[in-house]
Amino acid sequence: MEIITGYTGKPHVTAEQDRDVNEGIFDTGSFVLKTGSQLAAELVSNNEIKVRDGVLVIQGCTAVIKKNTYDPVTIANGSQGMKRIDLIVARYNKNEETKIEEVTLKVIQGTPNASTAAVPTYKTGDIQSGDLVADMPLYKVTLDGLNVTSVDKMFTVIPTLPELSSNLTNANAKISALSTELATTNTNLKTATADSGWKYMTANNLSEKLKFRKV
């Protein structure tokens with residue numbers, strides 16, 4: 001057993017340990033945290049997109065664009081009469097020789113097509129298994145001719161713990177209300193089944209009994 005969050009008299013916390021803790025909290029997926037501008041994209045021109053400040057978690061690895069700043073991303077020129085889709089990804093990269101790790105924004109350029117553009121492939125990777133490269137898609141950038149026509153978000157912003165607690169409380173309240181409504185409905189059904197509403201009408205001069213009910 002090794003202590004992580006504790007003083008041992010020497011540096012001892014590794015990136016792998018930190019990622020293990022984050023995976024236990026956030027799972028093994030990739031998300032953006034609800035802080036800052038949440039990596040919002042701003043289209044500056046057909047060749048430039050600004051990605052605003054925020055924090056992301058990619059397979060347990062955290063990275064940040066500092067508050068009140070942005071990272072610029074360059075989009076290559078489109079082609080007249082052609083359609084194209086580019087991807088903006090957060091790329092984890094580990095140098096195999098130096099073991100230095102980094103997360104940076106990269107643009108994966110798609111292939112121009114006259115009719116239908118396809119989303120380019122990216123490297124999913126598995127950081128904890130030792131893969132050197134892993135991409136987290138952030139935005140899909142669609143070009144029609146020379147113009148960028150849309151910048152579509154591809155990541156999920158996960159709620160904070162208080163929000164999750166509030167959502168759970170609200171969900172439990174709704175379930176309780178539905179249970180009460182269902183119990184009332186069942187009671188009404190049983191009552192309706194027990195009493196069909198039919199009543200017999202008799203008279204001395206009738207050879208057969210008649211029955212009626214109010215509609």
# chains A, B, ... in the order shown; residues from 1 in each chain; ligands from 1
>>> select_by_dssp(residues="range 1-213 of chain A", states="helix (DSSP H, G or I)", output="short mmCIF file (atom, residue, chain, number, x, y, z; two decimals) with C-alpha atoms, in the first residue's frame")
data_model
loop_
_atom_site.label_atom_id
_atom_site.label_comp_id
_atom_site.auth_asym_id
_atom_site.auth_seq_id
_atom_site.Cartn_x
_atom_site.Cartn_y
_atom_site.Cartn_z
CA ALA A 15 0.60 10.82 -13.14
CA GLU A 16 -0.69 7.24 -13.30
CA GLN A 17 -1.88 7.42 -9.68
CA ASP A 18 -3.61 10.73 -10.30
CA ARG A 19 -5.37 9.31 -13.37
CA ASP A 20 -6.46 6.25 -11.39
CA VAL A 21 -8.13 8.49 -8.80
CA ASN A 22 -9.83 10.56 -11.52
CA GLU A 23 -11.11 7.43 -13.27
CA GLY A 24 -12.65 6.33 -9.98
CA ILE A 25 -14.53 9.64 -9.84
CA PHE A 26 -15.31 10.35 -13.48
CA ILE A 127 -3.80 5.91 -21.91
CA GLN A 128 -3.84 3.55 -18.94
CA SER A 129 -2.79 0.66 -21.17
CA LEU A 161 -21.91 16.76 -7.22
CA PRO A 162 -24.51 19.16 -5.70
CA GLU A 163 -26.37 19.15 -9.03
CA LEU A 164 -26.33 15.36 -9.12
CA SER A 165 -27.65 15.26 -5.55
CA SER A 166 -30.43 17.73 -6.41
CA ASN A 167 -31.36 15.77 -9.55
CA LEU A 168 -31.52 12.57 -7.51
CA THR A 169 -33.76 14.22 -4.90
CA ASN A 170 -36.10 15.51 -7.62
CA ALA A 171 -36.16 12.10 -9.32
CA ASN A 172 -37.05 10.38 -6.03
CA ALA A 173 -39.86 12.90 -5.43
CA LYS A 174 -41.28 12.20 -8.89
CA ILE A 175 -41.08 8.45 -8.32
CA SER A 176 -42.89 8.85 -4.98
CA ALA A 177 -45.64 10.92 -6.63
CA LEU A 178 -46.02 8.37 -9.42
CA SER A 179 -46.24 5.54 -6.88
CA THR A 180 -49.02 7.37 -5.01
CA GLU A 181 -50.89 8.01 -8.27
CA LEU A 182 -50.52 4.37 -9.29
CA ALA A 183 -51.82 3.17 -5.91
CA THR A 184 -54.88 5.45 -6.24
CA THR A 185 -55.52 4.19 -9.76
CA ASN A 186 -55.32 0.57 -8.60
CA THR A 187 -57.81 1.29 -5.80
CA ASN A 188 -60.22 2.89 -8.26
CA LEU A 189 -59.89 -0.07 -10.61
CA LYS A 190 -60.66 -2.54 -7.83
CA THR A 191 -63.73 -0.51 -6.84
CA ALA A 192 -64.92 -0.32 -10.42
CA THR A 193 -64.45 -4.07 -10.85
CA ALA A 194 -66.35 -4.93 -7.65
#
>>> atom_distance(atom1="CA of Gly145 in chain A", atom2="CA of Ile85 in chain A")
11.1 Å
>>> residues_around(residues="Leu43 in chain A", least_positions_apart="5", cutoff="9 Å", atoms="only C-alpha atoms", output="JSON, numbers by chain")
{"A": [48, 49, 50, 51, 148, 150, 151]}
>>> write_last_selection(atoms="all heavy atoms", output="PDB file, in the first residue's frame")
ATOM      1  N   GLU A  48     -10.177  30.608 -38.409  1.00  0.00           N
ATOM      2  CA  GLU A  48      -9.765  30.625 -37.001  1.00  0.00           C
ATOM      3  C   GLU A  48     -10.953  30.396 -36.063  1.00  0.00           C
ATOM      4  O   GLU A  48     -12.024  30.983 -36.241  1.00  0.00           O
ATOM      5  CB  GLU A  48      -9.095  31.941 -36.625  1.00  0.00           C
ATOM      6  CG  GLU A  48      -8.587  31.959 -35.179  1.00  0.00           C
ATOM      7  CD  GLU A  48      -7.940  33.283 -34.786  1.00  0.00           C
ATOM      8  OE1 GLU A  48      -7.833  34.176 -35.652  1.00  0.00           O
ATOM      9  OE2 GLU A  48      -7.563  33.421 -33.607  1.00  0.00           O
ATOM     10  N   ILE A  49     -10.738  29.535 -35.083  1.00  0.00           N
ATOM     11  CA  ILE A  49     -11.706  29.279 -34.021  1.00  0.00           C
ATOM     12  C   ILE A  49     -10.978  29.413 -32.692  1.00  0.00           C
ATOM     13  O   ILE A  49      -9.875  28.881 -32.517  1.00  0.00           O
ATOM     14  CB  ILE A  49     -12.331  27.877 -34.151  1.00  0.00           C
ATOM     15  CG1 ILE A  49     -13.164  27.793 -35.426  1.00  0.00           C
ATOM     16  CG2 ILE A  49     -13.187  27.528 -32.936  1.00  0.00           C
ATOM     17  CD1 ILE A  49     -13.695  26.403 -35.726  1.00  0.00           C
ATOM     18  N   LYS A  50     -11.597  30.124 -31.756  1.00  0.00           N
ATOM     19  CA  LYS A  50     -11.037  30.240 -30.414  1.00  0.00           C
ATOM     20  C   LYS A  50     -11.738  29.241 -29.499  1.00  0.00           C
ATOM     21  O   LYS A  50     -12.975  29.192 -29.460  1.00  0.00           O
ATOM     22  CB  LYS A  50     -11.236  31.655 -29.863  1.00  0.00           C
ATOM     23  CG  LYS A  50     -10.435  32.733 -30.582  1.00  0.00           C
ATOM     24  CD  LYS A  50     -10.722  34.107 -29.966  1.00  0.00           C
ATOM     25  CE  LYS A  50      -9.906  35.193 -30.656  1.00  0.00           C
ATOM     26  NZ  LYS A  50     -10.203  36.543 -30.075  1.00  0.00           N
ATOM     27  N   VAL A  51     -10.975  28.463 -28.748  1.00  0.00           N
ATOM     28  CA  VAL A  51     -11.533  27.573 -27.730  1.00  0.00           C
ATOM     29  C   VAL A  51     -11.245  28.213 -26.385  1.00  0.00           C
ATOM     30  O   VAL A  51     -10.102  28.372 -25.983  1.00  0.00           O
ATOM     31  CB  VAL A  51     -10.919  26.162 -27.812  1.00  0.00           C
ATOM     32  CG1 VAL A  51     -11.519  25.270 -26.727  1.00  0.00           C
ATOM     33  CG2 VAL A  51     -11.162  25.552 -29.185  1.00  0.00           C
ATOM     34  N   VAL A 148     -17.082  28.251 -43.281  1.00  0.00           N
ATOM     35  CA  VAL A 148     -17.426  27.382 -42.154  1.00  0.00           C
ATOM     36  C   VAL A 148     -18.903  27.603 -41.848  1.00  0.00           C
ATOM     37  O   VAL A 148     -19.313  28.715 -41.494  1.00  0.00           O
ATOM     38  CB  VAL A 148     -16.568  27.700 -40.914  1.00  0.00           C
ATOM     39  CG1 VAL A 148     -17.071  26.902 -39.710  1.00  0.00           C
ATOM     40  CG2 VAL A 148     -15.103  27.390 -41.177  1.00  0.00           C
ATOM     41  N   SER A 150     -20.875  25.515 -39.709  1.00  0.00           N
ATOM     42  CA  SER A 150     -21.276  25.163 -38.341  1.00  0.00           C
ATOM     43  C   SER A 150     -20.078  24.645 -37.558  1.00  0.00           C
ATOM     44  O   SER A 150     -19.145  24.074 -38.117  1.00  0.00           O
ATOM     45  CB  SER A 150     -22.395  24.115 -38.342  1.00  0.00           C
ATOM     46  OG  SER A 150     -21.926  22.881 -38.863  1.00  0.00           O
ATOM     47  N   VAL A 151     -20.153  24.861 -36.236  1.00  0.00           N
ATOM     48  CA  VAL A 151     -19.161  24.319 -35.301  1.00  0.00           C
ATOM     49  C   VAL A 151     -19.966  23.605 -34.221  1.00  0.00           C
ATOM     50  O   VAL A 151     -20.580  24.250 -33.374  1.00  0.00           O
ATOM     51  CB  VAL A 151     -18.279  25.425 -34.695  1.00  0.00           C
ATOM     52  CG1 VAL A 151     -17.263  24.822 -33.733  1.00  0.00           C
ATOM     53  CG2 VAL A 151     -17.574  26.219 -35.794  1.00  0.00           C
TER      54      VAL A 151
END
>>> residues_around(residues="Gly125 in chain A", least_positions_apart="4", cutoff="10 Å", atoms="only C-alpha atoms", output="JSON, numbers by chain")
{"A": [59, 92, 129, 130, 131, 132, 133, 134, 135, 136]}
>>> atom_distance(atom1="CA of Asp86 in chain A", atom2="CA of Val103 in chain A")
18.8 Å
>>> atom_distance(atom1="CA of Lys123 in chain A", atom2="CA of Phe31 in chain A")
16.4 Å
>>> residues_around(residues="Gly78 in chain A", least_positions_apart="4", cutoff="7 Å", atoms="only C-alpha atoms", output="MDAnalysis selection string")
chainID A and resid 143 145:147
>>> closest_residue(among="A:Pro11, A:Thr98, A:Leu138, A:Ala117", to="Arg52 in chain A", atoms="only C-alpha atoms")
A:Leu138
>>> select_by_dssp(residues="range 64-198 of chain A", states="strand (DSSP E)", output="PDB file with N, CA, C and O atoms, in the first residue's frame")
ATOM      1  N   VAL A  64      -6.132  21.817 -18.820  1.00  0.00           N
ATOM      2  CA  VAL A  64      -6.836  23.075 -18.617  1.00  0.00           C
ATOM      3  C   VAL A  64      -6.394  24.125 -19.622  1.00  0.00           C
ATOM      4  O   VAL A  64      -5.233  24.159 -20.032  1.00  0.00           O
ATOM      5  N   ILE A  65      -7.358  24.938 -20.047  1.00  0.00           N
ATOM      6  CA  ILE A  65      -7.050  26.216 -20.685  1.00  0.00           C
ATOM      7  C   ILE A  65      -7.316  27.276 -19.619  1.00  0.00           C
ATOM      8  O   ILE A  65      -8.409  27.333 -19.062  1.00  0.00           O
ATOM      9  N   LYS A  66      -6.306  28.059 -19.290  1.00  0.00           N
ATOM     10  CA  LYS A  66      -6.380  28.955 -18.138  1.00  0.00           C
ATOM     11  C   LYS A  66      -7.550  29.928 -18.242  1.00  0.00           C
ATOM     12  O   LYS A  66      -7.966  30.322 -19.335  1.00  0.00           O
ATOM     13  N   LYS A  67      -8.056  30.309 -17.080  1.00  0.00           N
ATOM     14  CA  LYS A  67      -9.199  31.223 -17.012  1.00  0.00           C
ATOM     15  C   LYS A  67      -8.910  32.532 -17.740  1.00  0.00           C
ATOM     16  O   LYS A  67      -7.801  33.063 -17.693  1.00  0.00           O
ATOM     17  N   ASN A  68      -9.952  33.019 -18.421  1.00  0.00           N
ATOM     18  CA  ASN A  68      -9.907  34.292 -19.147  1.00  0.00           C
ATOM     19  C   ASN A  68      -8.893  34.283 -20.297  1.00  0.00           C
ATOM     20  O   ASN A  68      -8.410  35.336 -20.713  1.00  0.00           O
ATOM     21  N   THR A  69      -8.572  33.067 -20.772  1.00  0.00           N
ATOM     22  CA  THR A  69      -7.714  32.952 -21.954  1.00  0.00           C
ATOM     23  C   THR A  69      -8.393  32.033 -22.962  1.00  0.00           C
ATOM     24  O   THR A  69      -9.499  31.544 -22.736  1.00  0.00           O
ATOM     25  N   TYR A  70      -7.721  31.798 -24.058  1.00  0.00           N
ATOM     26  CA  TYR A  70      -8.239  30.878 -25.076  1.00  0.00           C
ATOM     27  C   TYR A  70      -7.071  30.298 -25.862  1.00  0.00           C
ATOM     28  O   TYR A  70      -5.955  30.836 -25.847  1.00  0.00           O
ATOM     29  N   ASP A  71      -7.325  29.178 -26.512  1.00  0.00           N
ATOM     30  CA  ASP A  71      -6.355  28.600 -27.441  1.00  0.00           C
ATOM     31  C   ASP A  71      -6.891  28.780 -28.856  1.00  0.00           C
ATOM     32  O   ASP A  71      -8.023  28.364 -29.154  1.00  0.00           O
ATOM     33  N   PRO A  72      -6.113  29.403 -29.747  1.00  0.00           N
ATOM     34  CA  PRO A  72      -6.564  29.560 -31.133  1.00  0.00           C
ATOM     35  C   PRO A  72      -6.356  28.276 -31.928  1.00  0.00           C
ATOM     36  O   PRO A  72      -5.387  27.546 -31.705  1.00  0.00           O
ATOM     37  N   VAL A  73      -7.276  27.995 -32.826  1.00  0.00           N
ATOM     38  CA  VAL A  73      -7.177  26.816 -33.680  1.00  0.00           C
ATOM     39  C   VAL A  73      -7.310  27.285 -35.130  1.00  0.00           C
ATOM     40  O   VAL A  73      -8.227  28.055 -35.460  1.00  0.00           O
ATOM     41  N   THR A  74      -6.413  26.827 -35.986  1.00  0.00           N
ATOM     42  CA  THR A  74      -6.410  27.239 -37.386  1.00  0.00           C
ATOM     43  C   THR A  74      -7.100  26.193 -38.258  1.00  0.00           C
ATOM     44  O   THR A  74      -6.776  25.001 -38.196  1.00  0.00           O
ATOM     45  N   LYS A  83     -17.342  20.130 -50.112  1.00  0.00           N
ATOM     46  CA  LYS A  83     -17.726  20.080 -48.701  1.00  0.00           C
ATOM     47  C   LYS A  83     -16.638  19.337 -47.922  1.00  0.00           C
ATOM     48  O   LYS A  83     -15.988  18.450 -48.456  1.00  0.00           O
ATOM     49  N   ARG A  84     -16.488  19.725 -46.637  1.00  0.00           N
ATOM     50  CA  ARG A  84     -15.462  19.091 -45.819  1.00  0.00           C
ATOM     51  C   ARG A  84     -15.849  19.166 -44.347  1.00  0.00           C
ATOM     52  O   ARG A  84     -16.519  20.110 -43.921  1.00  0.00           O
ATOM     53  N   ILE A  85     -15.442  18.161 -43.588  1.00  0.00           N
ATOM     54  CA  ILE A  85     -15.645  18.165 -42.149  1.00  0.00           C
ATOM     55  C   ILE A  85     -14.291  17.965 -41.463  1.00  0.00           C
ATOM     56  O   ILE A  85     -13.579  17.006 -41.749  1.00  0.00           O
ATOM     57  N   ASP A  86     -13.939  18.896 -40.584  1.00  0.00           N
ATOM     58  CA  ASP A  86     -12.730  18.779 -39.773  1.00  0.00           C
ATOM     59  C   ASP A  86     -13.120  18.488 -38.331  1.00  0.00           C
ATOM     60  O   ASP A  86     -14.236  18.801 -37.898  1.00  0.00           O
ATOM     61  N   LEU A  87     -12.209  17.902 -37.595  1.00  0.00           N
ATOM     62  CA  LEU A  87     -12.413  17.671 -36.170  1.00  0.00           C
ATOM     63  C   LEU A  87     -11.386  18.462 -35.367  1.00  0.00           C
ATOM     64  O   LEU A  87     -10.197  18.457 -35.687  1.00  0.00           O
ATOM     65  N   ILE A  88     -11.859  19.137 -34.325  1.00  0.00           N
ATOM     66  CA  ILE A  88     -10.955  19.720 -33.335  1.00  0.00           C
ATOM     67  C   ILE A  88     -10.923  18.751 -32.164  1.00  0.00           C
ATOM     68  O   ILE A  88     -11.960  18.432 -31.582  1.00  0.00           O
ATOM     69  N   VAL A  89      -9.746  18.248 -31.834  1.00  0.00           N
ATOM     70  CA  VAL A  89      -9.615  17.270 -30.759  1.00  0.00           C
ATOM     71  C   VAL A  89      -8.618  17.761 -29.718  1.00  0.00           C
ATOM     72  O   VAL A  89      -7.725  18.559 -30.018  1.00  0.00           O
ATOM     73  N   ALA A  90      -8.805  17.280 -28.492  1.00  0.00           N
ATOM     74  CA  ALA A  90      -7.777  17.422 -27.464  1.00  0.00           C
ATOM     75  C   ALA A  90      -6.935  16.149 -27.542  1.00  0.00           C
ATOM     76  O   ALA A  90      -7.443  15.057 -27.320  1.00  0.00           O
ATOM     77  N   ARG A  91      -5.679  16.306 -27.885  1.00  0.00           N
ATOM     78  CA  ARG A  91      -4.815  15.133 -28.106  1.00  0.00           C
ATOM     79  C   ARG A  91      -3.838  14.934 -26.953  1.00  0.00           C
ATOM     80  O   ARG A  91      -3.019  15.810 -26.643  1.00  0.00           O
ATOM     81  N   TYR A  92      -3.962  13.764 -26.313  1.00  0.00           N
ATOM     82  CA  TYR A  92      -2.953  13.333 -25.334  1.00  0.00           C
ATOM     83  C   TYR A  92      -1.817  12.699 -26.114  1.00  0.00           C
ATOM     84  O   TYR A  92      -2.037  11.868 -27.010  1.00  0.00           O
ATOM     85  N   ASN A  93      -0.596  13.096 -25.785  1.00  0.00           N
ATOM     86  CA  ASN A  93       0.571  12.541 -26.466  1.00  0.00           C
ATOM     87  C   ASN A  93       1.688  12.299 -25.456  1.00  0.00           C
ATOM     88  O   ASN A  93       1.964  13.138 -24.599  1.00  0.00           O
ATOM     89  N   LYS A  94       2.309  11.132 -25.548  1.00  0.00           N
ATOM     90  CA  LYS A  94       3.429  10.784 -24.671  1.00  0.00           C
ATOM     91  C   LYS A  94       4.648  10.472 -25.519  1.00  0.00           C
ATOM     92  O   LYS A  94       4.579   9.639 -26.429  1.00  0.00           O
ATOM     93  N   GLU A 101       4.600  13.891 -21.171  1.00  0.00           N
ATOM     94  CA  GLU A 101       3.226  13.849 -21.644  1.00  0.00           C
ATOM     95  C   GLU A 101       2.688  15.264 -21.842  1.00  0.00           C
ATOM     96  O   GLU A 101       3.096  16.195 -21.149  1.00  0.00           O
ATOM     97  N   GLU A 102       1.739  15.418 -22.763  1.00  0.00           N
ATOM     98  CA  GLU A 102       1.109  16.711 -22.989  1.00  0.00           C
ATOM     99  C   GLU A 102      -0.285  16.509 -23.570  1.00  0.00           C
ATOM    100  O   GLU A 102      -0.595  15.451 -24.119  1.00  0.00           O
ATOM    101  N   VAL A 103      -1.126  17.529 -23.411  1.00  0.00           N
ATOM    102  CA  VAL A 103      -2.434  17.561 -24.061  1.00  0.00           C
ATOM    103  C   VAL A 103      -2.531  18.879 -24.807  1.00  0.00           C
ATOM    104  O   VAL A 103      -2.366  19.951 -24.208  1.00  0.00           O
ATOM    105  N   THR A 104      -2.777  18.807 -26.106  1.00  0.00           N
ATOM    106  CA  THR A 104      -2.865  20.006 -26.932  1.00  0.00           C
ATOM    107  C   THR A 104      -4.063  19.900 -27.863  1.00  0.00           C
ATOM    108  O   THR A 104      -4.601  18.804 -28.084  1.00  0.00           O
ATOM    109  N   LEU A 105      -4.488  21.039 -28.404  1.00  0.00           N
ATOM    110  CA  LEU A 105      -5.566  21.045 -29.387  1.00  0.00           C
ATOM    111  C   LEU A 105      -5.004  20.791 -30.772  1.00  0.00           C
ATOM    112  O   LEU A 105      -4.003  21.377 -31.166  1.00  0.00           O
ATOM    113  N   LYS A 106      -5.649  19.884 -31.491  1.00  0.00           N
ATOM    114  CA  LYS A 106      -5.228  19.547 -32.850  1.00  0.00           C
ATOM    115  C   LYS A 106      -6.434  19.586 -33.782  1.00  0.00           C
ATOM    116  O   LYS A 106      -7.564  19.324 -33.352  1.00  0.00           O
ATOM    117  N   VAL A 107      -6.191  19.882 -35.042  1.00  0.00           N
ATOM    118  CA  VAL A 107      -7.243  19.814 -36.064  1.00  0.00           C
ATOM    119  C   VAL A 107      -6.951  18.627 -36.968  1.00  0.00           C
ATOM    120  O   VAL A 107      -5.865  18.506 -37.530  1.00  0.00           O
ATOM    121  N   ILE A 108      -7.923  17.720 -37.058  1.00  0.00           N
ATOM    122  CA  ILE A 108      -7.820  16.602 -37.995  1.00  0.00           C
ATOM    123  C   ILE A 108      -8.639  16.986 -39.218  1.00  0.00           C
ATOM    124  O   ILE A 108      -9.870  17.092 -39.155  1.00  0.00           O
ATOM    125  N   VAL A 133      -0.854   7.894 -27.888  1.00  0.00           N
ATOM    126  CA  VAL A 133      -1.728   8.944 -28.423  1.00  0.00           C
ATOM    127  C   VAL A 133      -3.181   8.584 -28.151  1.00  0.00           C
ATOM    128  O   VAL A 133      -3.590   7.433 -28.348  1.00  0.00           O
ATOM    129  N   ALA A 134      -3.959   9.568 -27.692  1.00  0.00           N
ATOM    130  CA  ALA A 134      -5.398   9.387 -27.499  1.00  0.00           C
ATOM    131  C   ALA A 134      -6.081  10.723 -27.765  1.00  0.00           C
ATOM    132  O   ALA A 134      -5.665  11.750 -27.229  1.00  0.00           O
ATOM    133  N   ASP A 135      -7.118  10.702 -28.607  1.00  0.00           N
ATOM    134  CA  ASP A 135      -7.834  11.917 -28.974  1.00  0.00           C
ATOM    135  C   ASP A 135      -9.195  11.988 -28.286  1.00  0.00           C
ATOM    136  O   ASP A 135      -9.899  10.980 -28.177  1.00  0.00           O
ATOM    137  N   MET A 136      -9.556  13.175 -27.865  1.00  0.00           N
ATOM    138  CA  MET A 136     -10.900  13.457 -27.357  1.00  0.00           C
ATOM    139  C   MET A 136     -11.546  14.463 -28.304  1.00  0.00           C
ATOM    140  O   MET A 136     -11.147  15.627 -28.344  1.00  0.00           O
ATOM    141  N   PRO A 137     -12.538  14.052 -29.106  1.00  0.00           N
ATOM    142  CA  PRO A 137     -13.190  14.995 -30.021  1.00  0.00           C
ATOM    143  C   PRO A 137     -13.896  16.111 -29.255  1.00  0.00           C
ATOM    144  O   PRO A 137     -14.641  15.850 -28.311  1.00  0.00           O
ATOM    145  N   LEU A 138     -13.656  17.342 -29.665  1.00  0.00           N
ATOM    146  CA  LEU A 138     -14.297  18.493 -29.036  1.00  0.00           C
ATOM    147  C   LEU A 138     -15.342  19.132 -29.954  1.00  0.00           C
ATOM    148  O   LEU A 138     -16.469  19.384 -29.537  1.00  0.00           O
ATOM    149  N   TYR A 139     -14.967  19.384 -31.202  1.00  0.00           N
ATOM    150  CA  TYR A 139     -15.883  20.058 -32.130  1.00  0.00           C
ATOM    151  C   TYR A 139     -15.785  19.473 -33.539  1.00  0.00           C
ATOM    152  O   TYR A 139     -14.702  19.086 -33.993  1.00  0.00           O
ATOM    153  N   LYS A 140     -16.931  19.415 -34.184  1.00  0.00           N
ATOM    154  CA  LYS A 140     -17.006  19.058 -35.598  1.00  0.00           C
ATOM    155  C   LYS A 140     -17.219  20.344 -36.383  1.00  0.00           C
ATOM    156  O   LYS A 140     -18.204  21.050 -36.183  1.00  0.00           O
ATOM    157  N   VAL A 141     -16.291  20.638 -37.272  1.00  0.00           N
ATOM    158  CA  VAL A 141     -16.331  21.880 -38.050  1.00  0.00           C
ATOM    159  C   VAL A 141     -16.737  21.527 -39.486  1.00  0.00           C
ATOM    160  O   VAL A 141     -16.044  20.773 -40.171  1.00  0.00           O
ATOM    161  N   THR A 142     -17.867  22.073 -39.917  1.00  0.00           N
ATOM    162  CA  THR A 142     -18.386  21.771 -41.256  1.00  0.00           C
ATOM    163  C   THR A 142     -18.108  22.941 -42.188  1.00  0.00           C
ATOM    164  O   THR A 142     -18.438  24.097 -41.873  1.00  0.00           O
ATOM    165  N   LEU A 143     -17.505  22.636 -43.334  1.00  0.00           N
ATOM    166  CA  LEU A 143     -17.219  23.651 -44.342  1.00  0.00           C
ATOM    167  C   LEU A 143     -18.014  23.359 -45.609  1.00  0.00           C
ATOM    168  O   LEU A 143     -18.112  22.202 -46.048  1.00  0.00           O
ATOM    169  N   ASP A 144     -18.574  24.404 -46.178  1.00  0.00           N
ATOM    170  CA  ASP A 144     -19.245  24.311 -47.484  1.00  0.00           C
ATOM    171  C   ASP A 144     -18.583  25.332 -48.389  1.00  0.00           C
ATOM    172  O   ASP A 144     -18.775  26.537 -48.216  1.00  0.00           O
ATOM    173  N   ASN A 147     -16.591  28.531 -46.815  1.00  0.00           N
ATOM    174  CA  ASN A 147     -17.166  29.003 -45.562  1.00  0.00           C
ATOM    175  C   ASN A 147     -17.338  27.900 -44.528  1.00  0.00           C
ATOM    176  O   ASN A 147     -17.725  26.768 -44.858  1.00  0.00           O
ATOM    177  N   VAL A 148     -17.082  28.251 -43.281  1.00  0.00           N
ATOM    178  CA  VAL A 148     -17.426  27.382 -42.154  1.00  0.00           C
ATOM    179  C   VAL A 148     -18.903  27.603 -41.848  1.00  0.00           C
ATOM    180  O   VAL A 148     -19.313  28.715 -41.494  1.00  0.00           O
ATOM    181  N   THR A 149     -19.714  26.574 -41.998  1.00  0.00           N
ATOM    182  CA  THR A 149     -21.164  26.718 -41.829  1.00  0.00           C
ATOM    183  C   THR A 149     -21.637  26.338 -40.430  1.00  0.00           C
ATOM    184  O   THR A 149     -22.705  26.758 -40.001  1.00  0.00           O
ATOM    185  N   SER A 150     -20.875  25.515 -39.709  1.00  0.00           N
ATOM    186  CA  SER A 150     -21.276  25.163 -38.341  1.00  0.00           C
ATOM    187  C   SER A 150     -20.078  24.645 -37.558  1.00  0.00           C
ATOM    188  O   SER A 150     -19.145  24.074 -38.117  1.00  0.00           O
ATOM    189  N   VAL A 151     -20.153  24.861 -36.236  1.00  0.00           N
ATOM    190  CA  VAL A 151     -19.161  24.319 -35.301  1.00  0.00           C
ATOM    191  C   VAL A 151     -19.966  23.605 -34.221  1.00  0.00           C
ATOM    192  O   VAL A 151     -20.580  24.250 -33.374  1.00  0.00           O
ATOM    193  N   ASP A 152     -19.991  22.275 -34.255  1.00  0.00           N
ATOM    194  CA  ASP A 152     -20.874  21.486 -33.398  1.00  0.00           C
ATOM    195  C   ASP A 152     -20.103  20.807 -32.269  1.00  0.00           C
ATOM    196  O   ASP A 152     -19.108  20.117 -32.512  1.00  0.00           O
ATOM    197  N   LYS A 153     -20.595  21.005 -31.040  1.00  0.00           N
ATOM    198  CA  LYS A 153     -19.955  20.422 -29.861  1.00  0.00           C
ATOM    199  C   LYS A 153     -20.123  18.910 -29.854  1.00  0.00           C
ATOM    200  O   LYS A 153     -21.203  18.395 -30.143  1.00  0.00           O
ATOM    201  N   VAL A 157     -20.629  17.896 -20.936  1.00  0.00           N
ATOM    202  CA  VAL A 157     -20.274  18.618 -19.712  1.00  0.00           C
ATOM    203  C   VAL A 157     -20.959  17.906 -18.554  1.00  0.00           C
ATOM    204  O   VAL A 157     -22.184  17.805 -18.510  1.00  0.00           O
ATOM    205  N   ILE A 158     -20.166  17.372 -17.626  1.00  0.00           N
ATOM    206  CA  ILE A 158     -20.766  16.618 -16.525  1.00  0.00           C
ATOM    207  C   ILE A 158     -21.170  17.564 -15.394  1.00  0.00           C
ATOM    208  O   ILE A 158     -20.498  18.555 -15.125  1.00  0.00           O
TER     209      ILE A 158
END
